[in-house]
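Student: What follows is the file model24.cif, containing mmCIF, C-alpha atoms and all ligand atoms:
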```
data_upload
loop_
_atom_site.label_atom_id
_atom_site.label_comp_id
_atom_site.auth_asym_id
_atom_site.auth_seq_id
_atom_site.Cartn_x
_atom_site.Cartn_y
_atom_site.Cartn_z
CA MET A 3 -19.18 -20.22 6.19
CA ARG A 4 -19.44 -20.69 9.94
CA THR A 5 -16.84 -17.94 10.42
CA SER A 6 -18.89 -15.60 8.29
CA VAL A 7 -22.04 -16.28 10.28
CA SER A 8 -20.39 -15.73 13.66
CA LEU A 9 -18.69 -12.58 12.39
CA CYS A 10 -22.06 -11.30 11.21
CA LEU A 11 -23.46 -11.88 14.70
CA VAL A 12 -20.55 -9.95 16.18
CA VAL A 13 -21.20 -7.13 13.72
CA THR A 14 -24.84 -6.97 14.79
CA CYS A 15 -23.85 -6.76 18.47
CA ILE A 16 -21.40 -4.00 17.68
CA GLN A 17 -24.03 -2.09 15.78
CA LEU A 18 -26.27 -2.32 18.83
CA THR A 19 -23.47 -0.98 21.06
CA ASN A 20 -22.83 1.80 18.59
CA TYR A 21 -26.49 2.69 18.62
CA VAL A 22 -26.08 3.48 22.31
CA SER A 23 -22.84 5.50 22.00
CA THR A 24 -22.20 6.92 18.56
CA VAL A 25 -19.67 9.61 17.81
CA LYS A 26 -19.98 12.12 15.02
CA LEU A 27 -17.33 11.60 12.35
CA SER A 28 -15.72 14.38 10.37
CA GLU A 29 -17.05 15.06 6.89
CA ASP A 30 -13.86 13.62 5.39
CA ALA A 31 -14.66 10.17 6.74
CA ASN A 32 -17.34 9.75 4.11
CA LEU A 33 -15.65 11.42 1.16
CA ASN A 34 -13.97 9.18 -1.40
CA THR A 35 -10.93 10.13 -3.48
CA THR A 36 -13.05 12.27 -5.81
CA GLY A 37 -14.78 14.04 -2.92
CA LEU A 38 -11.55 14.72 -1.02
CA ALA A 39 -9.81 16.04 -4.12
CA THR A 40 -12.65 18.46 -4.83
CA LYS A 41 -12.92 19.61 -1.21
CA TYR A 42 -9.22 20.45 -1.05
CA GLY A 43 -9.17 22.38 -4.28
CA HIS A 44 -8.00 19.95 -6.97
CA PRO A 45 -10.97 18.28 -8.67
CA ALA A 46 -9.79 14.91 -9.93
CA THR A 47 -10.25 13.18 -13.24
CA HIS A 48 -10.12 9.42 -13.43
CA TYR A 49 -9.04 6.79 -15.93
CA ASP A 50 -9.87 3.11 -16.21
CA VAL A 51 -6.60 1.28 -16.77
CA VAL A 52 -6.86 -2.25 -18.13
CA THR A 53 -3.96 -4.58 -17.38
CA GLU A 54 -2.57 -7.24 -19.70
CA ASP A 55 -4.32 -9.88 -17.57
CA GLY A 56 -7.70 -8.16 -17.61
CA TYR A 57 -7.92 -6.25 -14.30
CA ILE A 58 -9.55 -2.82 -14.46
CA LEU A 59 -7.88 -0.27 -12.20
CA THR A 60 -9.01 3.22 -11.25
CA LEU A 61 -6.29 5.82 -11.68
CA TYR A 62 -6.98 9.35 -10.37
CA ARG A 63 -5.31 12.53 -11.50
CA LEU A 64 -5.02 15.96 -9.86
CA HIS A 65 -3.88 18.18 -12.72
CA GLY A 66 -0.84 20.29 -11.93
CA ARG A 67 0.33 23.28 -13.90
CA SER A 68 3.99 22.16 -14.21
CA GLY A 69 3.14 19.02 -16.15
CA ILE A 70 5.67 17.05 -14.08
CA PRO A 71 3.98 13.73 -13.32
CA VAL A 72 4.21 12.19 -9.86
CA LEU A 73 2.61 8.79 -9.35
CA LEU A 74 1.59 7.82 -5.82
CA THR A 75 1.25 4.11 -5.02
CA HIS A 76 -0.42 3.09 -1.76
CA GLY A 77 0.41 0.21 0.58
CA LEU A 78 -1.27 -3.08 1.44
CA PHE A 79 -5.05 -2.90 2.11
CA ASP A 80 -4.93 0.81 1.35
CA SER A 81 -6.29 3.00 -1.45
CA SER A 82 -5.77 6.36 -3.14
CA ASP A 83 -7.76 8.02 -0.30
CA THR A 84 -4.80 7.59 2.01
CA TRP A 85 -2.81 10.37 0.30
CA MET A 86 -5.52 12.97 0.97
CA ILE A 87 -7.25 12.28 4.28
CA ARG A 88 -4.98 14.77 6.05
CA GLY A 89 -6.54 17.37 3.77
CA ASN A 90 -4.55 20.54 3.17
CA THR A 91 -1.40 19.11 4.78
CA SER A 92 -1.59 15.75 2.98
CA LEU A 93 1.07 14.78 0.48
CA ALA A 94 -1.17 14.61 -2.61
CA ILE A 95 -2.77 18.00 -1.98
CA THR A 96 0.58 19.62 -1.13
CA LEU A 97 2.17 18.25 -4.30
CA ALA A 98 -0.75 19.54 -6.36
CA ASN A 99 -0.51 22.94 -4.59
CA ASN A 100 3.15 22.99 -5.60
CA GLY A 101 2.28 22.47 -9.25
CA PHE A 102 2.99 18.77 -9.67
CA ASP A 103 0.73 16.65 -11.86
CA VAL A 104 -0.40 14.11 -9.28
CA TRP A 105 -1.52 10.60 -10.23
CA LEU A 106 -3.03 8.26 -7.64
CA ALA A 107 -2.90 4.53 -8.30
CA ASN A 108 -5.22 1.85 -6.93
CA SER A 109 -3.87 -1.69 -6.86
CA ARG A 110 -5.96 -4.60 -8.10
CA GLY A 111 -8.52 -5.87 -5.62
CA ASN A 112 -9.00 -2.73 -3.52
CA ARG A 113 -12.22 -0.72 -3.21
CA TYR A 114 -11.60 1.20 -6.45
CA SER A 115 -9.98 -1.57 -8.50
CA ARG A 116 -12.22 -4.53 -7.78
CA ARG A 117 -13.08 -5.11 -11.43
CA HIS A 118 -12.00 -7.45 -14.23
CA LYS A 119 -12.91 -7.90 -17.89
CA THR A 120 -14.12 -11.49 -17.40
CA LEU A 121 -13.71 -12.53 -13.75
CA ASN A 122 -16.25 -11.66 -11.07
CA PRO A 123 -14.56 -10.78 -7.76
CA ASP A 124 -17.64 -11.95 -5.84
CA THR A 125 -17.86 -15.40 -7.38
CA ASP A 126 -14.51 -16.26 -9.03
CA PRO A 127 -11.71 -17.15 -6.60
CA ALA A 128 -9.39 -16.85 -9.61
CA PHE A 129 -9.81 -13.06 -9.39
CA TRP A 130 -7.94 -13.11 -6.04
CA GLN A 131 -4.95 -15.16 -7.17
CA PHE A 132 -2.51 -12.30 -7.00
CA SER A 133 0.04 -10.77 -4.66
CA PHE A 134 2.36 -7.78 -4.92
CA HIS A 135 4.07 -9.76 -7.68
CA GLU A 136 1.20 -9.27 -10.12
CA MET A 137 0.79 -5.65 -8.99
CA GLY A 138 4.40 -5.02 -9.98
CA TYR A 139 4.35 -7.17 -13.08
CA PHE A 140 0.96 -6.17 -14.54
CA ASP A 141 -0.58 -3.19 -12.71
CA LEU A 142 2.43 -0.88 -12.71
CA PRO A 143 3.30 -1.23 -16.42
CA ALA A 144 -0.32 -0.49 -17.37
CA ILE A 145 -0.47 2.50 -15.00
CA ILE A 146 2.93 3.89 -16.00
CA ASP A 147 2.16 3.59 -19.71
CA THR A 148 -1.14 5.40 -19.19
CA VAL A 149 0.52 8.28 -17.31
CA LEU A 150 3.26 8.64 -19.93
CA ASP A 151 0.72 8.43 -22.74
CA LYS A 152 -1.60 11.08 -21.27
CA THR A 153 1.20 13.48 -20.29
CA GLY A 154 3.58 12.96 -23.20
CA ALA A 155 6.44 12.69 -20.68
CA ASN A 156 9.31 10.24 -21.20
CA SER A 157 9.53 9.27 -17.57
CA LEU A 158 7.67 9.84 -14.33
CA ASN A 159 8.41 10.35 -10.66
CA ALA A 160 6.94 7.90 -8.19
CA ILE A 161 6.25 7.94 -4.47
CA GLY A 162 5.37 4.64 -2.90
CA HIS A 163 4.37 3.61 0.57
CA SER A 164 5.24 0.13 1.84
CA GLN A 165 3.79 -2.35 -0.67
CA GLY A 166 3.67 0.56 -3.09
CA ASN A 167 7.48 0.15 -3.19
CA THR A 168 7.59 -3.63 -3.18
CA MET A 169 5.71 -3.43 -6.47
CA PHE A 170 8.44 -1.25 -7.97
CA PHE A 171 11.17 -3.66 -6.88
CA VAL A 172 9.27 -6.45 -8.66
CA LEU A 173 8.82 -4.24 -11.73
CA GLY A 174 12.46 -3.19 -11.94
CA SER A 175 13.76 -6.73 -11.59
CA GLU A 176 11.20 -8.53 -13.75
CA ARG A 177 10.54 -5.96 -16.47
CA GLU A 178 13.84 -4.18 -16.74
CA GLU A 179 12.76 -1.97 -19.64
CA TYR A 180 10.62 0.00 -17.15
CA ASN A 181 13.62 1.18 -15.12
CA SER A 182 14.29 3.97 -17.62
CA LYS A 183 10.70 5.19 -17.34
CA ILE A 184 11.22 6.14 -13.70
CA ASN A 185 12.94 9.48 -13.10
CA VAL A 186 13.05 8.89 -9.35
CA MET A 187 11.23 6.49 -7.06
CA ILE A 188 10.76 7.88 -3.55
CA ALA A 189 10.32 4.84 -1.34
CA LEU A 190 8.54 5.70 1.92
CA ALA A 191 8.76 2.84 4.45
CA PRO A 192 10.06 0.42 1.79
CA VAL A 193 9.43 -3.30 2.23
CA ALA A 194 11.45 -6.05 0.59
CA TYR A 195 12.77 -7.79 3.71
CA LEU A 196 10.85 -8.45 6.89
CA HIS A 197 13.10 -10.60 9.00
CA HIS A 198 14.12 -7.86 11.44
CA SER A 199 10.56 -6.83 12.28
CA PRO A 200 9.97 -6.79 16.04
CA PRO A 201 7.02 -8.54 17.70
CA PRO A 202 4.13 -8.85 17.16
CA VAL A 203 4.88 -8.65 13.42
CA SER A 204 7.69 -11.22 13.76
CA PHE A 205 5.32 -13.63 15.44
CA PHE A 206 3.17 -13.78 12.31
CA MET A 207 6.29 -14.57 10.25
CA GLN A 208 7.10 -17.44 12.57
CA ILE A 209 3.68 -19.01 12.25
CA SER A 210 3.47 -18.27 8.54
CA PRO A 211 3.03 -21.96 7.51
CA THR A 212 0.11 -22.29 9.94
CA ILE A 213 -1.55 -19.14 8.61
CA ASN A 214 -1.07 -20.51 5.11
CA SER A 215 -2.85 -23.79 5.98
CA LEU A 216 -5.58 -21.93 7.82
CA ALA A 217 -6.29 -19.66 4.83
CA LYS A 218 -6.58 -22.75 2.61
CA LEU A 219 -8.81 -24.54 5.08
CA LEU A 220 -11.15 -21.57 5.46
CA ASP A 221 -11.04 -20.91 1.73
CA ILE A 222 -10.29 -17.21 2.18
CA HIS A 223 -9.40 -15.31 -1.00
CA GLU A 224 -10.37 -11.69 -0.49
CA LEU A 225 -9.28 -10.08 2.76
CA LEU A 226 -10.60 -6.95 4.51
CA GLY A 227 -12.67 -5.82 1.54
CA ASP A 228 -15.66 -3.58 2.24
CA ASN A 229 -18.14 -6.43 1.88
CA THR A 230 -16.19 -9.20 3.57
CA PRO A 231 -17.29 -10.13 7.12
CA GLU A 232 -13.96 -9.04 8.62
CA GLY A 233 -13.97 -5.82 6.58
CA ARG A 234 -17.49 -4.98 7.76
CA LEU A 235 -16.45 -5.80 11.31
CA VAL A 236 -13.52 -3.37 11.23
CA HIS A 237 -15.49 -0.62 9.52
CA SER A 238 -18.42 -0.88 11.88
CA PHE A 239 -16.40 -1.25 15.06
CA CYS A 240 -13.33 1.03 14.82
CA PRO A 241 -14.88 4.34 13.68
CA ALA A 242 -18.18 4.15 15.51
CA SER A 243 -17.43 4.77 19.18
CA LYS A 244 -14.65 6.11 21.41
CA VAL A 245 -14.13 2.61 22.76
CA GLY A 246 -13.86 1.34 19.19
CA HIS A 247 -11.23 3.94 18.26
CA LYS A 248 -9.19 3.07 21.33
CA ILE A 249 -9.29 -0.68 20.93
CA CYS A 250 -8.43 -0.54 17.22
CA LEU A 251 -5.71 2.08 17.56
CA TYR A 252 -4.00 0.87 20.72
CA GLY A 253 -4.79 -2.82 20.30
CA ILE A 254 -4.08 -3.31 16.60
CA VAL A 255 -2.69 -0.34 14.67
CA PHE A 256 0.03 0.86 17.06
CA PRO A 257 1.36 -2.60 18.01
CA MET A 258 1.64 -3.44 14.29
CA MET A 259 2.84 -0.10 12.91
CA GLY A 260 4.69 1.46 15.86
CA PHE A 261 3.32 3.68 18.66
CA ASP A 262 2.99 7.37 17.82
CA ALA A 263 -0.03 8.76 19.62
CA ALA A 264 0.95 12.42 19.12
CA GLU A 265 0.75 12.04 15.34
CA LEU A 266 -2.28 9.79 15.08
CA GLU A 267 -4.95 11.21 17.40
CA LEU A 268 -8.10 9.29 18.25
CA ASP A 269 -10.48 11.64 16.43
CA PHE A 270 -8.48 11.56 13.25
CA PHE A 271 -7.96 7.82 13.54
CA ALA A 272 -11.76 7.43 13.46
CA THR A 273 -11.80 9.13 10.05
CA ALA A 274 -8.86 7.08 8.80
CA SER A 275 -10.48 3.82 9.87
CA VAL A 276 -13.43 4.47 7.58
CA HIS A 277 -11.01 4.69 4.65
CA PHE A 278 -8.71 1.89 5.76
CA PRO A 279 -8.67 -1.06 5.17
CA ALA A 280 -9.84 -0.98 1.55
CA GLY A 281 -9.32 -4.67 0.76
CA SER A 282 -6.88 -6.92 -1.03
CA SER A 283 -6.11 -10.60 -1.50
CA MET A 284 -5.18 -13.13 1.15
CA LYS A 285 -2.34 -14.16 -1.16
CA CYS A 286 -0.70 -10.76 -0.67
CA ILE A 287 -0.39 -11.33 3.07
CA LEU A 288 0.76 -14.91 2.54
CA HIS A 289 3.47 -13.76 0.14
CA TYR A 290 4.80 -11.23 2.68
CA LEU A 291 4.71 -13.82 5.43
CA GLN A 292 6.77 -16.16 3.25
CA VAL A 293 9.28 -13.40 2.58
CA GLY A 294 9.66 -12.81 6.32
CA HIS A 295 9.71 -16.48 7.16
CA ARG A 296 12.23 -17.51 4.49
CA LYS A 297 14.29 -14.31 4.91
CA ILE A 298 14.47 -13.97 1.14
CA PHE A 299 12.77 -11.47 -1.16
CA ALA A 300 11.55 -14.15 -3.52
CA LYS A 301 8.57 -15.06 -5.67
CA TYR A 302 5.51 -16.75 -4.24
CA ASP A 303 6.09 -20.20 -2.77
CA TYR A 304 3.49 -22.63 -4.16
CA GLY A 305 5.02 -25.70 -2.53
CA THR A 306 7.67 -28.01 -4.00
CA LYS A 307 5.57 -29.68 -6.66
CA LEU A 308 3.97 -26.58 -8.14
CA ASN A 309 7.19 -24.60 -7.79
CA ARG A 310 8.90 -27.11 -10.07
CA LYS A 311 6.18 -26.70 -12.62
CA ILE A 312 6.03 -22.90 -12.42
CA TYR A 313 9.67 -21.97 -11.71
CA ASN A 314 11.53 -25.14 -12.70
CA SER A 315 13.04 -25.26 -9.20
CA THR A 316 11.89 -26.55 -5.83
CA ASN A 317 12.24 -23.13 -4.21
CA PRO A 318 10.83 -19.92 -5.66
CA PRO A 319 13.57 -17.77 -7.22
CA ALA A 320 14.67 -14.57 -5.47
CA TYR A 321 13.94 -11.25 -7.16
CA ARG A 322 17.10 -9.87 -8.79
CA LEU A 323 17.36 -6.53 -6.98
CA GLU A 324 20.61 -5.74 -8.82
CA ARG A 325 18.46 -5.28 -11.91
CA VAL A 326 16.43 -2.50 -10.28
CA THR A 327 18.44 0.31 -11.86
CA MET A 328 15.88 3.13 -11.46
CA PRO A 329 17.07 5.95 -9.14
CA ILE A 330 15.64 5.33 -5.68
CA ALA A 331 15.33 7.60 -2.63
CA LEU A 332 14.82 5.51 0.49
CA MET A 333 13.06 7.00 3.52
CA ALA A 334 12.87 4.97 6.69
CA GLY A 335 11.53 5.46 10.22
CA ARG A 336 13.11 4.38 13.50
CA ASN A 337 9.81 3.27 15.00
CA ASP A 338 8.50 1.41 11.94
CA ARG A 339 7.73 -2.22 12.64
CA PHE A 340 7.13 -3.29 9.04
CA SER A 341 10.00 -1.43 7.46
CA SER A 342 12.64 -1.67 10.19
CA LEU A 343 15.94 0.19 9.83
CA HIS A 344 17.76 -3.15 9.72
CA ASP A 345 15.68 -4.46 6.85
CA VAL A 346 15.95 -1.18 4.94
CA ALA A 347 19.74 -1.40 5.38
CA VAL A 348 19.72 -4.89 3.83
CA LEU A 349 17.66 -3.56 0.94
CA ARG A 350 19.89 -0.52 0.52
CA ARG A 351 22.96 -2.71 0.08
CA GLN A 352 21.25 -4.69 -2.68
CA LEU A 353 19.84 -1.86 -4.75
CA PRO A 354 22.38 -0.55 -7.28
CA ASN A 355 21.06 3.01 -7.63
CA VAL A 356 20.09 4.52 -4.28
CA VAL A 357 20.42 8.27 -4.84
CA TYR A 358 19.21 9.40 -1.42
CA TYR A 359 18.70 7.86 1.99
CA LEU A 360 16.87 9.47 4.87
CA GLU A 361 16.31 8.15 8.33
CA ASN A 362 13.41 10.36 9.29
CA PRO A 363 14.32 12.96 11.94
CA ARG A 364 11.18 12.15 13.90
CA THR A 365 12.22 9.55 16.48
CA LEU A 366 8.74 8.05 16.69
CA MET A 367 8.24 7.88 12.90
CA ASN A 368 6.11 4.77 12.37
CA HIS A 369 4.63 2.97 9.39
CA ALA A 370 1.54 5.18 9.07
CA ASP A 371 2.92 8.69 9.71
CA TYR A 372 3.97 8.99 6.05
CA MET A 373 0.33 9.52 5.07
CA LEU A 374 -1.52 10.00 8.32
CA GLY A 375 0.86 11.93 10.57
CA LYS A 376 -0.61 15.16 11.91
CA ASN A 377 2.62 17.06 11.19
CA LEU A 378 3.84 15.16 8.16
CA HIS A 379 4.17 18.53 6.41
CA VAL A 380 6.95 19.30 8.92
CA TYR A 381 9.01 16.12 9.03
CA LEU A 382 8.31 14.51 5.66
CA THR A 383 6.98 16.78 2.90
CA PRO A 384 10.03 19.13 2.74
CA TYR A 385 12.33 16.14 2.06
CA VAL A 386 10.00 14.76 -0.60
CA LEU A 387 9.73 18.15 -2.30
CA ARG A 388 13.49 18.62 -2.21
CA VAL A 389 14.12 15.29 -3.93
CA LEU A 390 11.44 15.96 -6.55
CA ARG A 391 12.70 19.45 -7.29
CA LYS A 392 16.29 18.35 -7.56
CA ARG A 393 15.57 15.37 -9.80
CA ASN A 394 13.37 17.51 -12.05
CA ASN A 395 15.34 20.80 -12.03
CA PHE A 396 12.15 22.44 -10.88
CA ASP A 397 11.60 25.19 -8.36
C1 LIG B 401 -17.49 8.96 -4.81
O1 LIG B 401 -18.51 9.63 -4.08
C2 LIG B 401 -19.47 10.27 -4.91
C3 LIG B 401 -20.39 11.07 -4.02
O2 LIG B 401 -20.87 10.30 -2.97
C4 LIG B 401 -20.19 9.23 -5.74
O3 LIG B 401 -21.12 9.85 -6.61
C5 LIG B 401 -19.17 8.46 -6.57
O4 LIG B 401 -19.79 7.41 -7.28
C6 LIG B 401 -18.08 7.88 -5.67
N1 LIG B 401 -17.05 7.27 -6.51
C7 LIG B 401 -16.62 6.02 -6.34
C8 LIG B 401 -15.60 5.54 -7.27
O5 LIG B 401 -17.03 5.31 -5.45
C1 LIG B 402 -7.18 24.56 2.41
O1 LIG B 402 -6.30 25.65 2.27
C2 LIG B 402 -6.76 26.66 1.41
C3 LIG B 402 -5.64 27.65 1.16
O2 LIG B 402 -4.92 27.93 2.34
C4 LIG B 402 -7.99 27.30 2.01
O3 LIG B 402 -8.48 28.33 1.18
C5 LIG B 402 -9.06 26.22 2.16
O4 LIG B 402 -10.19 26.76 2.79
C6 LIG B 402 -8.54 25.05 2.93
N1 LIG B 402 -9.53 24.00 2.78
C7 LIG B 402 -10.00 23.31 3.80
C8 LIG B 402 -11.11 22.38 3.51
O5 LIG B 402 -9.53 23.39 4.93
C1 LIG B 403 15.23 -26.57 -15.53
O1 LIG B 403 16.33 -26.57 -14.67
C2 LIG B 403 17.35 -27.49 -15.01
C3 LIG B 403 18.40 -27.52 -13.90
O2 LIG B 403 18.63 -26.24 -13.38
C4 LIG B 403 17.92 -27.11 -16.37
O3 LIG B 403 18.95 -28.01 -16.76
C5 LIG B 403 16.80 -27.12 -17.40
O4 LIG B 403 17.28 -26.68 -18.66
C6 LIG B 403 15.65 -26.25 -16.96
N1 LIG B 403 14.50 -26.41 -17.85
C7 LIG B 403 13.86 -25.39 -18.38
C8 LIG B 403 12.69 -25.74 -19.24
O5 LIG B 403 14.18 -24.23 -18.19
#
```
Let me see the structure of the file written as structure tokens.
Ligand SMILES: *[C@@H]1O[C@H](CO)[C@@H](O)[C@H](O)[C@H]1NC(C)=O
Ligand SMILES: *[C@@H]1O[C@H](CO)[C@@H](O)[C@H](O)[C@H]1NC(C)=O
Ligand SMILES: *[C@@H]1O[C@H](CO)[C@@H](O)[C@H](O)[C@H]1NC(C)=O

Tutor:
Amino acid sequence: MRTSVSLCLVVTCIQLTNYVSTVKLSEDANLNTTGLATKYGHPATHYDVVTEDGYILTLYRLHGRSGIPVLLTHGLFDSSDTWMIRGNTSLAITLANNGFDVWLANSRGNRYSRRHKTLNPDTDPAFWQFSFHEMGYFDLPAIIDTVLDKTGANSLNAIGHSQGNTMFFVLGSEREEYNSKINVMIALAPVAYLHHSPPPVSFFMQISPTINSLAKLLDIHELLGDNTPEGRLVHSFCPASKVGHKICLYGIVFPMMGFDAAELELDFFATASVHFPAGSSMKCILHYLQVGHRKIFAKYDYGTKLNRKIYNSTNPPAYRLERVTMPIALMAGRNDRFSSLHDVAVLRRQLPNVVYYLENPRTLMNHADYMLGKNLHVYLTPYVLRVLRKRNNFD
């Protein structure tokens, strides 16, 4: 409570500062997925997907003439906007321009998927009891079945960023029947291991137990959502002034994701920081921290007593990556602090069906360039298109 109040005070101060020095944001800053899709020539339709455990997810579709479905799954705290904010050079728009039938997922708890049949995200903490595990176990099957049902296809292509891949590793190992529904999974900046991340990311892994206790103490369930104090803080501070852009980009984003100032310019970053973050659960972060801390890609650690009850073992079981038999194309970046080359190498050795591996030619390729890079159409899109065309016999 006290945290919320002090954060609100900070927000008010920031708004006063912004009043003195506001910058004009590009039109795209205030367009949502529907608005961006229309502006760049592919008006979207949307579907409400209901998961087995009652979450209601928004799934967008940019119809493509080829009928070949490509599902895009965003990363942690992100949303479907991310695939389009670079406009004409963005991945979603380029895929649609090339005739693919583009589907944009939104994971439970984000701006577009903050709904449930019975739980209220504003008043029921139970709504937020999920991590990437539930996204892989419940969200993906519901989304995949919807795409296959609407298109009549037997399998789909997927492109994931960061957590958008973690979900698929959970799916493939926990619900093996879904492996055959994936024609190819293009994993951009994949995350299953985090124990080779450099500082400052590694620091958070080290203090993971402390962060866990702190989250419990402060009773935090939703994190960085549009209406949370910290979400409002970020959205009012980062985009609003030149000083805000600089502090957020150079003080937070680059240290966490890898420095690449040529690809993520201040003006564009202002636009991106209106779209991102789009909210998720605290439990998601905690789960990742555990993975990094324990150096095992395993299920959520509830503590010895609850683990015994839930898993019948004191430690949470590791995900069985050898069961992830879907064809996977891994794409990694040398300057990526969440998906380090070392950790991707560990993952690569464990996955049984890696059909393609690319260390991105851009030396400074960081965690965000995959969606937000100014020239991603030069150093990323051609590789993605090549894999899609090859795996679908389509040119
Ligand atoms: C997207 O923006 C349009 C125009 O502002 C609005 O009518 C629509 O409700 C928005 N959609 C969502 C899901 O927020
Ligand atoms: C995107 O590209 C198309 C085709 O090159 C062009 O007609 C359109 O004006 C561009 N849209 C925007 C918003 O830049
Ligand atoms: C729990 O684990 C023990 C030891 O591994 C095993 O013998 C037992 O059958 C398990 N119980 C259940 C319900 O799976």

Student: Using all atoms listed in the file, find the one residue out of A:Tyr304, A:Tyr42, A:Phe340, A:Phe261 that sits nearest to ligand LIG 402 (chain B).

Tutor: A:Tyr42

Student: Taking all atoms listed in the file into account, list the residues no farther than 12 Å from ligand LIG 403 (chain B), as a ChimeraX atom specification.

Tutor: /A:309-317,319

Student: Could you pull the residues within 9 Å of Arg364 (chain A), counting all atoms listed in the file, minus those fewer than 4 positions along the same chain, as a list of chain:residue names?

Tutor: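 Using all atoms listed in the file, the neighbours found are A:Gly335, A:Arg336, A:Tyr381.
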
Student: For those residues, write C-alpha atoms to a file as a short mmCIF file (atom, residue, chain, number, x, y, z; two decimals), in the coordinates of the input.

Tutor:
```cif
data_model
loop_
_atom_site.label_atom_id
_atom_site.label_comp_id
_atom_site.auth_asym_id
_atom_site.auth_seq_id
_atom_site.Cartn_x
_atom_site.Cartn_y
_atom_site.Cartn_z
CA GLY A 335 11.53 5.46 10.22
CA ARG A 336 13.11 4.38 13.50
CA TYR A 381 9.01 16.12 9.03
#
```

Student: To one decimal place in Å, what is the distance between CA of Ile58 (chain A) and CA of Thr148 (chain A)?

Tutor: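 Taking CA of Ile58 (chain A) as the start and CA of Thr148 (chain A) as the end point, the length is 12.7 Å.
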
Student: Which neighbours of Ile330 (chain A) fall inside 7 Å, counting only C-alpha atoms, when residues of the same chain fewer than 6 positions from it are skipped, and could you give them as a list in words?

Tutor: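 Close residues of Ile330 (chain A): Val186, Met187, Ile188, Ala189, Asn355, Val356, Val357 and Tyr358 of chain A.
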
Student: Taking all atoms listed in the file into account, produce a table as CSV in which each residue of chain A with an atom at most 9 Å from an atom of ligand LIG 401 (chain B) appears once, together with its shortest atom pair and the distance in Å to one decimal, ordered by chain and rising number.

Tutor:
```
residue,atom,partner,partner_atom,distance
A:Asn32,CA,B:LIG401,O2,7.9
A:Leu33,CA,B:LIG401,O1,6.2
A:Asn34,CA,B:LIG401,C1,4.9
A:Thr35,CA,B:LIG401,C1,6.8
A:Thr36,CA,B:LIG401,C1,5.6
A:Gly37,CA,B:LIG401,O1,5.9
A:Thr60,CA,B:LIG401,C8,8.0
A:Arg113,CA,B:LIG401,O5,8.0
A:Tyr114,CA,B:LIG401,C8,6.0
```

Student: What separation in Å, quoted to one decimal, exists between CA of Arg63 (chain A) and CA of Trp105 (chain A)?

Tutor: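 Between these atoms lies a distance of 4.4 Å.
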
Student: Got a sec to check which residues lie within 7 Å of ligand LIG 402 (chain B), using all atoms listed in the file, and send them as an mmCIF file with C-alpha atoms, keeping the file's coordinate frame?

Tutor:
```
data_model
loop_
_atom_site.group_PDB
_atom_site.id
_atom_site.type_symbol
_atom_site.label_atom_id
_atom_site.label_comp_id
_atom_site.auth_asym_id
_atom_site.auth_seq_id
_atom_site.Cartn_x
_atom_site.Cartn_y
_atom_site.Cartn_z
ATOM 1 C CA LYS A 41 -12.920 19.610 -1.210
ATOM 2 C CA TYR A 42 -9.220 20.450 -1.050
ATOM 3 C CA GLY A 89 -6.540 17.370 3.770
ATOM 4 C CA ASN A 90 -4.550 20.540 3.170
#
```

Student: So, counting all atoms listed in the file, which residue among A:Ala370, A:Ala194, A:Ala242, A:Met284 is closest to Ile298 (chain A)?

Tutor: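 Ranked by minimum distance to Ile298 (chain A), first place goes to A:Ala194.
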
Student: For Ala155 (chain A), list every protein, DNA or RNA residue within 12 Å, evaluated using all atoms listed in the file, and leave out those in the same chain fewer than 2 positions away; present the list as a list in words.

Tutor: Ser68, Gly69, Ile70, Pro71, Val72, Asp103, Ile146, Asp147, Thr148, Val149, Leu150, Asp151, Lys152, Thr153, Ser157, Leu158, Asn159, Lys183, Ile184 and Asn185 of chain A

Student: Figure out the distance between CA of Ala46 (chain A) and CA of Leu332 (chain A), please, to one decimal in Å.

Tutor: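 CA of Ala46 (chain A) lies at a distance of 28.3 Å from CA of Leu332 (chain A).
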
Student: Give me the box for region 280-288 of chain A as AutoDock Vina command-line options, namely the centre and edge lengths in Å to one decimal of a box along x, y and z that holds every listed atom plus 3 Å on each side.

Tutor:
```
--center_x -4.5 --center_y -7.9 --center_z 0.8 --size_x 16.6 --size_y 19.9 --size_z 10.6
```

Student: Taking into account all atoms listed in the file, which residue in the set A:Gly111, A:Pro318, A:Gly166, A:Gly294 is nearest to Tyr195 (chain A)?

Tutor: A:Gly294

Student: Out of A:Phe270, A:Phe205, A:Phe102, A:Tyr302, which residue has the shortest atom-to-atom distance to Leu64 (chain A) when counting all atoms listed in the file?

Tutor: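 Closest to Leu64 (chain A), using all atoms listed in the file: A:Phe102.
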
Student: What's the 10 Å shell around Ala263 (chain A), counting only C-alpha atoms, without same-chain residues fewer than 2 positions away, as an NGL selection string?

Tutor: :A and (251-252 or 256 or 260-261 or 265-268 or 366 or 375)
